[in-house]
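So this one's work.cif, mmCIF, C-alpha atoms:
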```cif
data_start
#
loop_
_atom_site.group_PDB
_atom_site.id
_atom_site.type_symbol
_atom_site.label_atom_id
_atom_site.label_comp_id
_atom_site.auth_asym_id
_atom_site.auth_seq_id
_atom_site.Cartn_x
_atom_site.Cartn_y
_atom_site.Cartn_z
ATOM 1 C CA MET E 1 -18.763 4.562 -54.083
ATOM 2 C CA LYS E 2 -20.140 1.801 -51.845
ATOM 3 C CA LYS E 3 -16.619 0.530 -51.180
ATOM 4 C CA GLN E 4 -15.508 4.005 -50.065
ATOM 5 C CA ASN E 5 -18.530 4.413 -47.720
ATOM 6 C CA SER E 6 -17.859 0.983 -46.285
ATOM 7 C CA LYS E 7 -14.279 2.040 -45.551
ATOM 8 C CA TYR E 8 -15.486 5.123 -43.636
ATOM 9 C CA VAL E 9 -17.989 3.064 -41.655
ATOM 10 C CA HIS E 10 -15.253 0.618 -40.608
ATOM 11 C CA LEU E 11 -12.920 3.455 -39.636
ATOM 12 C CA THR E 12 -15.680 5.101 -37.609
ATOM 13 C CA ILE E 13 -16.443 1.850 -35.799
ATOM 14 C CA VAL E 14 -12.759 1.297 -35.006
ATOM 15 C CA ALA E 15 -12.425 4.903 -33.741
ATOM 16 C CA ILE E 16 -15.481 4.520 -31.502
ATOM 17 C CA PHE E 17 -14.174 1.207 -30.166
ATOM 18 C CA LEU E 18 -10.748 2.698 -29.360
ATOM 19 C CA ALA E 19 -12.332 5.718 -27.664
ATOM 20 C CA LEU E 20 -14.524 3.474 -25.488
ATOM 21 C CA ALA E 21 -11.569 1.249 -24.595
ATOM 22 C CA GLY E 22 -9.559 4.329 -23.621
ATOM 23 C CA LEU E 23 -12.372 5.603 -21.394
ATOM 24 C CA ILE E 24 -12.705 2.237 -19.669
ATOM 25 C CA ILE E 25 -8.965 2.038 -18.980
ATOM 26 C CA TRP E 26 -8.914 5.636 -17.713
ATOM 27 C CA GLN E 27 -11.808 4.927 -15.323
ATOM 28 C CA CYS E 28 -10.121 1.788 -13.989
ATOM 29 C CA LEU E 29 -6.882 3.640 -13.285
ATOM 30 C CA ARG E 30 -8.732 6.536 -11.676
ATOM 31 C CA ARG E 31 -10.697 4.224 -9.393
ATOM 32 C CA LYS E 32 -7.535 2.373 -8.374
ATOM 33 C CA ASN E 33 -5.917 5.606 -7.188
ATOM 34 C CA ASP E 34 -9.175 6.726 -5.522
ATOM 35 C CA ALA E 35 -9.159 3.497 -3.487
ATOM 36 C CA TYR E 36 -5.806 4.559 -2.096
ATOM 37 C CA SER E 37 -6.855 8.112 -1.164
ATOM 38 C CA PHE E 38 -7.289 9.054 2.494
ATOM 39 C CA SER E 39 -11.023 9.637 2.221
ATOM 40 C CA GLN E 40 -11.330 6.048 1.026
ATOM 41 C CA PHE E 41 -9.221 4.467 3.776
ATOM 42 C CA PRO E 42 -11.206 1.489 4.983
ATOM 43 C CA LYS E 43 -12.960 1.650 8.313
ATOM 44 C CA ILE E 44 -12.478 -2.093 8.683
ATOM 45 C CA GLU E 45 -12.109 -3.167 12.295
ATOM 46 C CA VAL E 46 -8.683 -4.536 13.154
ATOM 47 C CA HIS E 47 -6.831 -5.023 16.439
ATOM 48 C CA THR E 48 -3.649 -3.601 17.841
ATOM 49 C CA PHE E 49 -0.922 -5.834 19.261
ATOM 50 C CA CYS E 50 -2.451 -5.115 22.689
ATOM 51 C CA GLY E 51 -5.895 -6.289 21.533
ATOM 52 C CA GLU E 52 -7.619 -2.905 21.196
ATOM 53 C CA SER E 53 -10.070 -2.400 18.320
ATOM 54 C CA THR E 54 -9.203 0.254 15.734
ATOM 55 C CA SER E 55 -9.240 0.861 11.989
ATOM 56 C CA LEU E 56 -6.716 2.019 9.430
ATOM 57 C CA TYR E 57 -8.826 5.146 8.969
ATOM 58 C CA ASP E 58 -8.454 6.001 12.667
ATOM 59 C CA ILE E 59 -4.724 5.275 12.655
ATOM 60 C CA ALA E 60 -4.186 7.445 9.556
ATOM 61 C CA GLN E 61 -5.647 10.565 11.192
ATOM 62 C CA GLY E 62 -3.194 13.402 11.550
ATOM 63 C CA SER E 63 -0.531 14.811 9.342
ATOM 64 C CA GLY E 64 2.572 13.345 7.823
ATOM 65 C CA ARG E 65 3.609 10.744 5.352
ATOM 66 C CA MET E 66 2.599 7.146 5.904
ATOM 67 C CA ALA E 67 3.858 3.717 4.896
ATOM 68 C CA LEU E 68 1.794 0.553 5.198
ATOM 69 C CA MET E 69 3.901 -2.591 5.478
ATOM 70 C CA PHE E 70 2.064 -5.875 5.100
ATOM 71 C CA PHE E 71 4.145 -8.690 6.575
ATOM 72 C CA SER E 72 4.143 -12.120 8.170
ATOM 73 C CA HIS E 73 6.131 -13.123 11.241
ATOM 74 C CA SER E 74 7.492 -16.214 9.442
ATOM 75 C CA CYS E 75 8.628 -14.432 6.256
ATOM 76 C CA GLU E 76 12.420 -14.043 6.110
ATOM 77 C CA TYR E 77 12.170 -11.089 3.703
ATOM 78 C CA CYS E 78 9.736 -9.405 6.092
ATOM 79 C CA GLN E 79 12.108 -9.960 8.992
ATOM 80 C CA HIS E 80 14.928 -8.419 6.951
ATOM 81 C CA GLU E 81 12.763 -5.423 5.954
ATOM 82 C CA ALA E 82 11.693 -4.932 9.587
ATOM 83 C CA ASP E 83 15.347 -4.953 10.672
ATOM 84 C CA LEU E 84 16.233 -2.399 7.980
ATOM 85 C CA ILE E 85 13.475 -0.102 9.184
ATOM 86 C CA ILE E 86 14.409 -0.545 12.842
ATOM 87 C CA ASN E 87 18.128 0.001 12.204
ATOM 88 C CA ASN E 88 17.481 3.096 10.074
ATOM 89 C CA ARG E 89 14.637 4.561 12.109
ATOM 90 C CA GLU E 90 16.502 7.844 12.700
ATOM 91 C CA GLN E 91 16.462 8.537 8.938
ATOM 92 C CA LEU E 92 12.815 7.486 8.605
ATOM 93 C CA THR E 93 11.218 9.746 11.228
ATOM 94 C CA ASN E 94 9.387 12.003 8.794
ATOM 95 C CA PHE E 95 6.517 9.558 8.313
ATOM 96 C CA ARG E 96 4.415 7.015 10.116
ATOM 97 C CA PHE E 97 4.748 3.263 9.661
ATOM 98 C CA VAL E 98 1.711 1.027 9.983
ATOM 99 C CA PHE E 99 2.802 -2.595 10.213
ATOM 100 C CA ILE E 100 -0.059 -4.906 9.198
ATOM 101 C CA THR E 101 -0.015 -8.659 9.720
ATOM 102 C CA HIS E 102 -2.433 -11.553 9.784
ATOM 103 C CA SER E 103 -0.244 -13.451 12.277
ATOM 104 C CA GLU E 104 -1.624 -14.577 15.601
ATOM 105 C CA PRO E 105 -0.641 -12.412 18.606
ATOM 106 C CA ASP E 106 1.157 -15.363 20.236
ATOM 107 C CA SER E 107 3.459 -15.790 17.239
ATOM 108 C CA LEU E 108 4.141 -12.054 17.192
ATOM 109 C CA VAL E 109 5.598 -12.106 20.698
ATOM 110 C CA GLU E 110 8.663 -14.011 19.509
ATOM 111 C CA PHE E 111 8.869 -11.906 16.338
ATOM 112 C CA MET E 112 8.799 -8.696 18.403
ATOM 113 C CA ALA E 113 11.564 -10.017 20.678
ATOM 114 C CA PHE E 114 13.922 -10.277 17.698
ATOM 115 C CA HIS E 115 12.440 -7.439 15.605
ATOM 116 C CA PRO E 116 11.164 -4.756 18.023
ATOM 117 C CA LEU E 117 8.936 -2.712 15.729
ATOM 118 C CA ASN E 118 7.864 -0.665 18.732
ATOM 119 C CA LEU E 119 11.267 1.097 18.560
ATOM 120 C CA VAL E 120 10.104 2.827 15.383
ATOM 121 C CA SER E 121 8.630 6.106 16.586
ATOM 122 C CA ASN E 122 5.099 7.040 15.585
ATOM 123 C CA SER E 123 4.346 3.532 14.307
ATOM 124 C CA SER E 124 1.457 1.131 14.774
ATOM 125 C CA LEU E 125 1.222 -2.637 14.621
ATOM 126 C CA ILE E 126 -2.183 -3.959 13.687
ATOM 127 C CA ILE E 127 -3.466 -7.482 13.288
ATOM 128 C CA ASP E 128 -5.711 -8.081 10.306
ATOM 129 C CA ASP E 129 -6.983 -11.487 11.409
ATOM 130 C CA SER E 130 -9.862 -11.479 8.907
ATOM 131 C CA LEU E 131 -7.504 -10.492 6.036
ATOM 132 C CA ALA E 132 -9.939 -7.688 5.169
ATOM 133 C CA LEU E 133 -7.163 -5.103 4.686
ATOM 134 C CA HIS E 134 -5.072 -7.608 2.764
ATOM 135 C CA ASN E 135 -8.018 -8.187 0.432
ATOM 136 C CA TYR E 136 -8.898 -4.491 0.192
ATOM 137 C CA TYR E 137 -5.354 -3.602 -0.918
ATOM 138 C CA LYS E 138 -5.019 -6.804 -2.972
ATOM 139 C CA VAL E 139 -1.877 -7.942 -1.168
ATOM 140 C CA ASN E 140 -0.672 -11.043 -2.993
ATOM 141 C CA SER E 141 2.909 -11.133 -1.774
ATOM 142 C CA ILE E 142 4.733 -10.108 1.344
ATOM 143 C CA PRO E 143 6.283 -7.860 2.239
ATOM 144 C CA THR E 144 4.177 -5.247 0.478
ATOM 145 C CA PHE E 145 4.643 -1.531 1.063
ATOM 146 C CA ILE E 146 2.047 1.080 0.170
ATOM 147 C CA LEU E 147 3.359 4.617 0.540
ATOM 148 C CA PHE E 148 1.374 7.849 0.964
ATOM 149 C CA ASP E 149 2.477 11.492 0.951
ATOM 150 C CA GLU E 150 1.712 14.095 3.636
ATOM 151 C CA ASN E 151 -1.803 14.562 2.217
ATOM 152 C CA LYS E 152 -2.393 10.807 2.388
ATOM 153 C CA GLN E 153 -2.341 10.572 -1.398
ATOM 154 C CA PHE E 154 -0.984 7.370 -2.894
ATOM 155 C CA VAL E 155 2.697 7.561 -3.894
ATOM 156 C CA ARG E 156 3.759 4.025 -4.730
ATOM 157 C CA ARG E 157 3.223 0.342 -4.085
ATOM 158 C CA ILE E 158 6.206 -1.992 -3.674
ATOM 159 C CA SER E 159 5.630 -5.743 -3.608
ATOM 160 C CA GLY E 160 8.535 -7.815 -2.380
ATOM 161 C CA ALA E 161 11.772 -6.890 -0.696
ATOM 162 C CA THR E 162 13.210 -3.420 -1.144
ATOM 163 C CA THR E 163 15.919 -1.252 0.404
ATOM 164 C CA THR E 164 15.793 1.451 3.024
ATOM 165 C CA LYS E 165 17.169 3.927 0.463
ATOM 166 C CA VAL E 166 14.201 3.323 -1.833
ATOM 167 C CA ILE E 167 11.716 3.746 1.020
ATOM 168 C CA GLN E 168 13.501 6.870 2.231
ATOM 169 C CA LYS E 169 13.548 8.453 -1.266
ATOM 170 C CA LEU E 170 9.884 7.696 -1.831
ATOM 171 C CA CYS E 171 8.851 8.935 1.573
ATOM 172 C CA ASN E 172 10.777 12.146 1.003
ATOM 173 C CA GLY E 173 8.726 12.678 -2.136
ATOM 174 C CA ARG E 174 11.332 11.628 -4.680
ATOM 175 C CA GLU E 175 10.750 8.822 -7.150
ATOM 176 C CA GLU E 176 13.354 6.106 -7.371
#
```

Final structure tokens representation of the file:
Amino acid sequence: MKKQNSKYVHLTIVAIFLALAGLIIWQCLRRKNDAYSFSQFPKIEVHTFCGESTSLYDIAQGSGRMALMFFSHSCEYCQHEADLIINNREQLTNFRFVFITHSEPDSLVEFMAFHPLNLVSNSSLIIDDSLALHNYYKVNSIPTFILFDENKQFVRRISGATTTKVIQKLCNGREE
């Protein structure tokens, strides 16, 4: 009889442990997606290419889909991704690009001469010199894309190089 009760106690403990682990994982996933929601966009001060102060929250105001692209002026993959976006800008007009870099403005002048991001309509280039946005979104590799739908709800994160087709499908609301 004692052996049978002991078995039930162990099973109950295991069930409670699994339930608690499941709740913890669920909360972590929920908080991760909440961090990407529009209401949680950081109001961290950054600067535009022209030196004006702004925040991602201010830039994200308005309707439409949005893509954040974290990049560096010296990254060859980033240069390639920028060229893909520039060359395919007619197909990518249904959402707003926010190009985010930690590069110094002086180094961006040469980058912009070869990769004119300003040709992409309804886009912004911001300089995150304190790396606050990079840290907030846990950007560990560049380029990194974070895509949002028309309600500014998180769609997908892409770390590393990708293709224009993938970006276009995701920004049109279709999963790859």

Could you tell me how far atom CA of Pro42 of chain E sits from atom CA of Ala161 of chain E, in Å to one decimal place?
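It comes out at 25.1 Å.
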
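Proximity ranking of E:Ile158, E:Ala67, E:Val109, E:Cys50 relative to Ile142 of chain E places E:Ile158 first, based on only C-alpha atoms.
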
What separation in Å, quoted to one decimal, exists between atom CA of Asp106 of chain E and atom CA of Met66 of chain E?
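Between these atoms lies a distance of 26.7 Å.
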
For Asn151 of chain E, which residue among E:Arg65, E:His115, E:His134, E:Lys169 is the nearest when counting all atoms listed in the file?
E:Arg65

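Using the PyMOL selection byres ((chain E and resi 118) around 12) on the file at hand returns these residues: Thr48, Phe49, Cys50, Ala82, Asp83, Ile85, Ile86, Arg89, Phe97, Val98, Phe99, Val109, Phe111, Met112, Ala113, Phe114, His115, Pro116, Leu117, Leu119, Val120, Ser121, Asn122, Ser123, Ser124, Leu125 and Ile126 of chain E.
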
Top pick for closest residue to Asp129 of chain E, considering E:Leu18, E:Val155, E:Ile44, E:Ala60 and counting all atoms listed in the file:
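Answer, going by the shortest atom-to-atom distance: E:Ile44.
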
Identify the residues around (7.8, -14.7, 13.4) within a radius of 7 Å, measuring from only C-alpha atoms in the coordinates stated by the file, and give them as a VMD selection string.
chain E and resid 72 to 74 107 to 108 110 to 111

For atom CA of Tyr57 of chain E and atom CA of Cys78 of chain E, quote the distance in Å rounded to one decimal.
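We find that atom CA of Tyr57 of chain E and atom CA of Cys78 of chain E lie 23.8 Å from each other.
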
Expected selection from the PyMOL selection byres ((chain E and resi 157) around 10), given as a ChimeraX atom specification
/E:67-68,137,144-148,154-156,158-160

Taking C-alpha atoms for each residue, export the selection above as a compact mmCIF listing (two decimals), keeping the file's coordinate frame.
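The resulting file, result.txt, is reproduced below:
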```
# COMPACT_ATOMS: atom_id res chain seq x y z
CA ALA E 67 3.86 3.72 4.90
CA LEU E 68 1.79 0.55 5.20
CA TYR E 137 -5.35 -3.60 -0.92
CA THR E 144 4.18 -5.25 0.48
CA PHE E 145 4.64 -1.53 1.06
CA ILE E 146 2.05 1.08 0.17
CA LEU E 147 3.36 4.62 0.54
CA PHE E 148 1.37 7.85 0.96
CA PHE E 154 -0.98 7.37 -2.89
CA VAL E 155 2.70 7.56 -3.89
CA ARG E 156 3.76 4.03 -4.73
CA ILE E 158 6.21 -1.99 -3.67
CA SER E 159 5.63 -5.74 -3.61
CA GLY E 160 8.54 -7.82 -2.38
```

As AutoDock Vina command-line options, please: the centre and edge lengths in Å, to one decimal, of an axis-aligned box enclosing every listed atom of segment 74-81 of chain E with 8 Å added on each side.
```
--center_x 11.2 --center_y -10.8 --center_z 6.6 --size_x 23.4 --size_y 26.8 --size_z 21.7
```

Have a look at E:Gln91, E:Gln79, E:Thr12, E:Ser53 and name the one nearest to Lys165 of chain E; count all atoms listed in the file.
E:Gln91

So, counting all atoms listed in the file, which residue among E:Val166, E:Phe70, E:Asn88, E:Leu11 is closest to Lys138 of chain E?
E:Phe70

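You can rank E:Gln61, E:Asn5, E:Gln153, E:Thr164 by their closest distance to Leu92 of chain E using all atoms listed in the file, and at the top of that list sits E:Thr164.
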